[in-house]
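> Sharing a structure below in structure tokens format, with a few things to ask.
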Amino acid sequence: MILGTPGAGPVRVAALIGSEALSGPGRQLTALAAALRPAGVTCLIAAFQRRGGPSAGFAQQLDQAGVEHCMVEDRGPLDWRMAGDLQHMLRQWRPSIVQTHGYKATALVHLLRRLGAPWPWIGFFHGATTENLKTRFYHWVDRRLLATADRIVVMAQAQARAFGHLDGRVRIIYNAALQSAPAGEAAERDHLAALIGTLPRPIIGVVGRLSPEKGVDLLLDACATLIRNGLAFSVVIAGDGPERASLEDRCRRLALASTVRFLGQISNVDALYDHLDLLVLPSRSEGLPNTLLEAMRADVPVVATSVGAVPEVVGTSAAARLVAPGSAAVLAEAIESAVRRGDSAQAAAARRDVVRSFSLERRVADHVRLYRDLLEERSRRTT
């Protein structure tokens with residue numbers, strides 16, 4: 001499917017994302033931008049970078065993928081000068097469509113639209129975190145400002161229902177099960193292999209931001225139960241975030257220090273999957289977790305809570321064991337069953353089916369359809 005703007009040549013999409021670090025949404029956006037080129041869509045990714053911050057790992061990822069990008073300086077939460085910077089950049093680049101990822105990008109484009117910016121706007125809602133009052137307020141604002149976009153893209157049916165009052169402007173576009181990232185730094189791979197190679201098996205992994213909605217506290221409680229039940233295992237937790245200190249303290253209080261390892265931020269997550277016997281997603285809420293799709297592409301068995309788009313991905317198949325969220329006891333039971341019974345050929349086949357269904361090609365087609373419909377609608381309004 002090849003797309004061109006009606007009467008105006010190839011489509012140019014400027015994607016604004018409030019992240020300078022490697023992230024799930026950033027990795028998805030990078031892969032999408034590169035894959036859209038053969039479909040006649042040129043993308044520019046503009047990422048926000050805090051003044052004095054570290055060199056952006058996201059920019060390195062974009063360089064490796066050959067995706068056009070720029071960094072927009074973010075001087076702080078109330079830096080509305082960014083709106084002028086963005087307006088100048090967008091006027092020079094002349095996009096057909098602007099799309100936003102994250103509450104700061106949403107707020108800035110909403111402001112530019114109020115000031116008369118002409119670009120059609122697609123706002124992406126990836127989900128919300130609940131780590132503190134400030135973040136909850138930002139996400140509350142994000143959801144309300146997104147209501148002024150021309151289209152809203154969500155990751156799950158439950159999210160679509162939350163925006164259901166917006167007169168058919170909401171679209172569900174699922175994340176893709178991406179190909180493995182580049183091999184990454186040899187030092188990190190060697191460090192992972194040396195550390196994890198010393199741990200007793202089976203090795204259970206958790207990958208993601210350490211914030212309340214991810215439910216890592218429930219996993220630790222479940223681990224304490226499993227040890228009391230006589231199950232031998234190791235746990236590695238990859239990721240960082242505001243809950244790390246409290247989770248490490250909880251680990252000590254539960255006498256799990258010899259069982260659980262906190263790895264911190266891992267840039268080459270694919271190298272970690274190679275060492276795992278089971279991935280656990282204990283989340284209280286989600287959109288569509290990239291970790292779920294990454295684990296399935298790496299052929300790692302999964303236990304996950306039935307939140308967000310997880311049930312939509314798994315369906316009634318054996319691709320993952322799904323449990324109700326919020327219960328450490330239920331989670332412990334599912335993990336123990338997965339460990340004692342082991343993997344199966346049926347589950348492995350189901351994981352391969354999920355990877356085929358959630359392909360990057362499918363996501364590209366969904367985006368091309370979205371862009372075409374929006375541009376055709378805009379063309380009808382102006383003729």
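By order of appearance in the structure tokens: chains A, B, ..., then residues from 1 within every chain, and ligands from 1 in the order shown.
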As number ranges by chain, please: every residue in range 207-318 of chain A that a backbone DSSP assignment puts in alpha helix (DSSP H).

A: 216-228, 244-253, 269-273, 290-297, 310-314

> Keeping N, CA and C atoms for every residue in the selection just given, could you write it to a file as a tab-separated table (two decimals), in the first residue's frame?


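The result, written out as selection.tsv:
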```
chain	number	residue	atom	x	y	z
A	216	VAL	N	5.44	-4.94	40.52
A	216	VAL	CA	6.61	-5.74	40.90
A	216	VAL	C	6.55	-6.09	42.39
A	217	ASP	N	5.90	-5.25	43.20
A	217	ASP	CA	5.72	-5.58	44.62
A	217	ASP	C	4.92	-6.87	44.79
A	218	LEU	N	3.93	-7.06	43.92
A	218	LEU	CA	3.13	-8.30	43.98
A	218	LEU	C	3.99	-9.51	43.62
A	219	LEU	N	4.88	-9.33	42.65
A	219	LEU	CA	5.77	-10.44	42.28
A	219	LEU	C	6.65	-10.82	43.46
A	220	LEU	N	7.20	-9.83	44.17
A	220	LEU	CA	8.05	-10.14	45.31
A	220	LEU	C	7.28	-10.89	46.39
A	221	ASP	N	6.05	-10.47	46.64
A	221	ASP	CA	5.21	-11.19	47.60
A	221	ASP	C	4.96	-12.62	47.13
A	222	ALA	N	4.73	-12.78	45.83
A	222	ALA	CA	4.51	-14.12	45.27
A	222	ALA	C	5.77	-14.98	45.42
A	223	CYS	N	6.95	-14.37	45.23
A	223	CYS	CA	8.21	-15.10	45.39
A	223	CYS	C	8.37	-15.62	46.81
A	224	ALA	N	8.01	-14.80	47.80
A	224	ALA	CA	8.10	-15.24	49.20
A	224	ALA	C	7.20	-16.45	49.43
A	225	THR	N	6.03	-16.45	48.84
A	225	THR	CA	5.12	-17.60	48.95
A	225	THR	C	5.71	-18.84	48.30
A	226	LEU	N	6.30	-18.67	47.12
A	226	LEU	CA	6.87	-19.80	46.40
A	226	LEU	C	8.04	-20.43	47.17
A	227	ILE	N	8.84	-19.60	47.81
A	227	ILE	CA	9.95	-20.14	48.60
A	227	ILE	C	9.41	-20.94	49.78
A	228	ARG	N	8.36	-20.44	50.42
A	228	ARG	CA	7.75	-21.20	51.52
A	228	ARG	C	7.18	-22.52	51.02
A	244	ARG	N	12.16	1.76	42.76
A	244	ARG	CA	13.26	0.81	42.95
A	244	ARG	C	13.70	0.71	44.41
A	245	ALA	N	13.89	1.83	45.07
A	245	ALA	CA	14.37	1.79	46.47
A	245	ALA	C	13.39	1.04	47.37
A	246	SER	N	12.10	1.31	47.22
A	246	SER	CA	11.11	0.64	48.07
A	246	SER	C	11.01	-0.85	47.74
A	247	LEU	N	11.20	-1.20	46.47
A	247	LEU	CA	11.17	-2.61	46.09
A	247	LEU	C	12.38	-3.35	46.64
A	248	GLU	N	13.55	-2.72	46.60
A	248	GLU	CA	14.74	-3.34	47.18
A	248	GLU	C	14.57	-3.53	48.69
A	249	ASP	N	13.95	-2.54	49.33
A	249	ASP	CA	13.69	-2.67	50.77
A	249	ASP	C	12.71	-3.80	51.04
A	250	ARG	N	11.69	-3.90	50.21
A	250	ARG	CA	10.71	-4.99	50.36
A	250	ARG	C	11.38	-6.34	50.17
A	251	CYS	N	12.29	-6.40	49.23
A	251	CYS	CA	13.03	-7.63	48.97
A	251	CYS	C	13.82	-8.06	50.21
A	252	ARG	N	14.46	-7.11	50.85
A	252	ARG	CA	15.21	-7.43	52.07
A	252	ARG	C	14.28	-7.90	53.19
A	253	ARG	N	13.16	-7.21	53.35
A	253	ARG	CA	12.23	-7.57	54.42
A	253	ARG	C	11.62	-8.97	54.21
A	269	VAL	N	17.89	-5.52	25.79
A	269	VAL	CA	16.97	-6.42	26.50
A	269	VAL	C	16.95	-7.81	25.84
A	270	ASP	N	17.17	-7.84	24.53
A	270	ASP	CA	17.13	-9.14	23.84
A	270	ASP	C	18.18	-10.11	24.38
A	271	ALA	N	19.33	-9.56	24.80
A	271	ALA	CA	20.36	-10.42	25.39
A	271	ALA	C	19.88	-11.02	26.70
A	272	LEU	N	19.03	-10.30	27.42
A	272	LEU	CA	18.49	-10.81	28.68
A	272	LEU	C	17.52	-11.97	28.43
A	273	TYR	N	16.65	-11.82	27.42
A	273	TYR	CA	15.68	-12.88	27.14
A	273	TYR	C	16.36	-14.23	26.87
A	290	ASN	N	5.23	-3.83	25.45
A	290	ASN	CA	6.22	-4.32	24.49
A	290	ASN	C	6.91	-5.57	25.00
A	291	THR	N	7.07	-5.64	26.32
A	291	THR	CA	7.75	-6.79	26.92
A	291	THR	C	7.05	-8.10	26.56
A	292	LEU	N	5.75	-8.08	26.53
A	292	LEU	CA	4.99	-9.29	26.18
A	292	LEU	C	5.36	-9.77	24.78
A	293	LEU	N	5.35	-8.84	23.82
A	293	LEU	CA	5.66	-9.21	22.43
A	293	LEU	C	7.13	-9.59	22.27
A	294	GLU	N	8.01	-8.86	22.97
A	294	GLU	CA	9.44	-9.18	22.89
A	294	GLU	C	9.72	-10.59	23.40
A	295	ALA	N	9.11	-10.95	24.52
A	295	ALA	CA	9.33	-12.29	25.09
A	295	ALA	C	8.82	-13.37	24.14
A	296	MET	N	7.69	-13.13	23.52
A	296	MET	CA	7.15	-14.13	22.61
A	296	MET	C	8.02	-14.27	21.37
A	297	ARG	N	8.55	-13.16	20.87
A	297	ARG	CA	9.48	-13.27	19.73
A	297	ARG	C	10.73	-14.02	20.14
A	310	VAL	N	-3.38	-7.20	26.88
A	310	VAL	CA	-2.78	-8.54	27.03
A	310	VAL	C	-3.77	-9.64	26.63
A	311	PRO	N	-5.04	-9.61	27.11
A	311	PRO	CA	-5.97	-10.65	26.66
A	311	PRO	C	-6.26	-10.60	25.17
A	312	GLU	N	-6.18	-9.42	24.57
A	312	GLU	CA	-6.40	-9.30	23.12
A	312	GLU	C	-5.26	-9.95	22.34
A	313	VAL	N	-4.05	-9.86	22.88
A	313	VAL	CA	-2.90	-10.48	22.23
A	313	VAL	C	-2.95	-11.99	22.37
A	314	VAL	N	-3.24	-12.47	23.56
A	314	VAL	CA	-3.17	-13.91	23.84
A	314	VAL	C	-4.42	-14.64	23.36
```

> Would you kindly return, as a ChimeraX atom specification, each protein, DNA or RNA residue with an atom no farther than 10 Å from any atom of Ala149 in chain A, considering only C-alpha atoms and excluding same-chain residues fewer than 5 positions away?

/A:99-100,106,109-110,113,120-124,144,166,169-170

> At a cut-off of 9 Å, using only C-alpha atoms, what residues contact Leu263 in chain A? Leave out same-chain residues fewer than 2 positions from it and give the result as an MDAnalysis selection string.

chainID A and resid 192 236:240 261 265:266

> Mind writing the picked residues with C-alpha atoms as a JSON list (two decimals), in the first residue's frame?


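Generated file (result13.json):
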```json
[["chain", "number", "residue", "atom", "x", "y", "z"],
["A", 192, "LEU", "CA", 24.74, -10.21, 31.89],
["A", 236, "VAL", "CA", 16.14, -10.95, 37.69],
["A", 237, "ILE", "CA", 14.46, -7.55, 37.49],
["A", 238, "ALA", "CA", 15.54, -5.34, 34.57],
["A", 239, "GLY", "CA", 14.53, -1.70, 34.66],
["A", 240, "ASP", "CA", 14.59, 1.35, 36.83],
["A", 261, "ARG", "CA", 18.70, -9.51, 41.52],
["A", 265, "GLN", "CA", 18.41, -0.32, 33.11],
["A", 266, "ILE", "CA", 19.38, -2.78, 30.35]]
```

> Quick one: pull the distance between CA of Arg209 in chain A and CA of Ser337 in chain A, Å, one decimal.

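Straight-line distance from CA of Arg209 in chain A to CA of Ser337 in chain A works out to 26.0 Å.
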
> Which residues, written as a list of chain:residue names, have at least one atom at most 6 Å from range 93-95 of chain A, with only C-alpha atoms counted and residues fewer than 3 positions away on the same chain left out?

A:Arg12, A:Val13, A:Ala14, A:Leu90

> Please identify which residues in range 202-315 of chain A DSSP calls strand (DSSP E or B) from the backbone, and express them as a PyMOL selection string.

chain A and resi 203-207+234-238+260-264+278-281+302-305

> Selection from above, C-alpha atoms, as a short mmCIF file (atom, residue, chain, number, x, y, z; two decimals), in the first residue's frame, can you write it?


```cif
data_model
loop_
_atom_site.label_atom_id
_atom_site.label_comp_id
_atom_site.auth_asym_id
_atom_site.auth_seq_id
_atom_site.Cartn_x
_atom_site.Cartn_y
_atom_site.Cartn_z
CA ILE A 203 15.41 -17.99 36.00
CA ILE A 204 12.31 -15.79 36.10
CA GLY A 205 12.53 -12.33 34.56
CA VAL A 206 10.68 -9.05 34.94
CA VAL A 207 11.35 -6.27 32.43
CA SER A 234 16.01 -17.11 40.70
CA VAL A 235 14.52 -13.76 39.69
CA VAL A 236 16.14 -10.95 37.69
CA ILE A 237 14.46 -7.55 37.49
CA ALA A 238 15.54 -5.34 34.57
CA VAL A 260 16.24 -11.67 43.47
CA ARG A 261 18.70 -9.51 41.52
CA PHE A 262 17.96 -5.92 40.45
CA LEU A 263 19.82 -5.34 37.19
CA GLY A 264 18.94 -1.69 36.61
CA LEU A 278 9.97 -17.56 32.25
CA LEU A 279 8.89 -13.93 31.91
CA VAL A 280 6.36 -12.55 34.39
CA LEU A 281 4.23 -9.45 33.77
CA VAL A 302 5.02 -15.95 29.85
CA VAL A 303 2.82 -15.52 32.91
CA ALA A 304 0.90 -12.23 32.76
CA THR A 305 -1.97 -10.43 34.38
#
```

> For Asn132 in chain A, which of A:Gly326, A:Gly241, A:Gly26, A:Gly308 is the closest residue, counting only C-alpha atoms?

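With only C-alpha atoms as the atom set, the closest residue is A:Gly241.
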
> Considering only C-alpha atoms, return as a ChimeraX atom specification whatever protein or nucleic-acid residues lie within 10 Å of Val11 in chain A, sequence-local ones (same chain, fewer than 6 positions apart) excluded.

/A:3-5,37,39-43,95-97,368,371-372,375
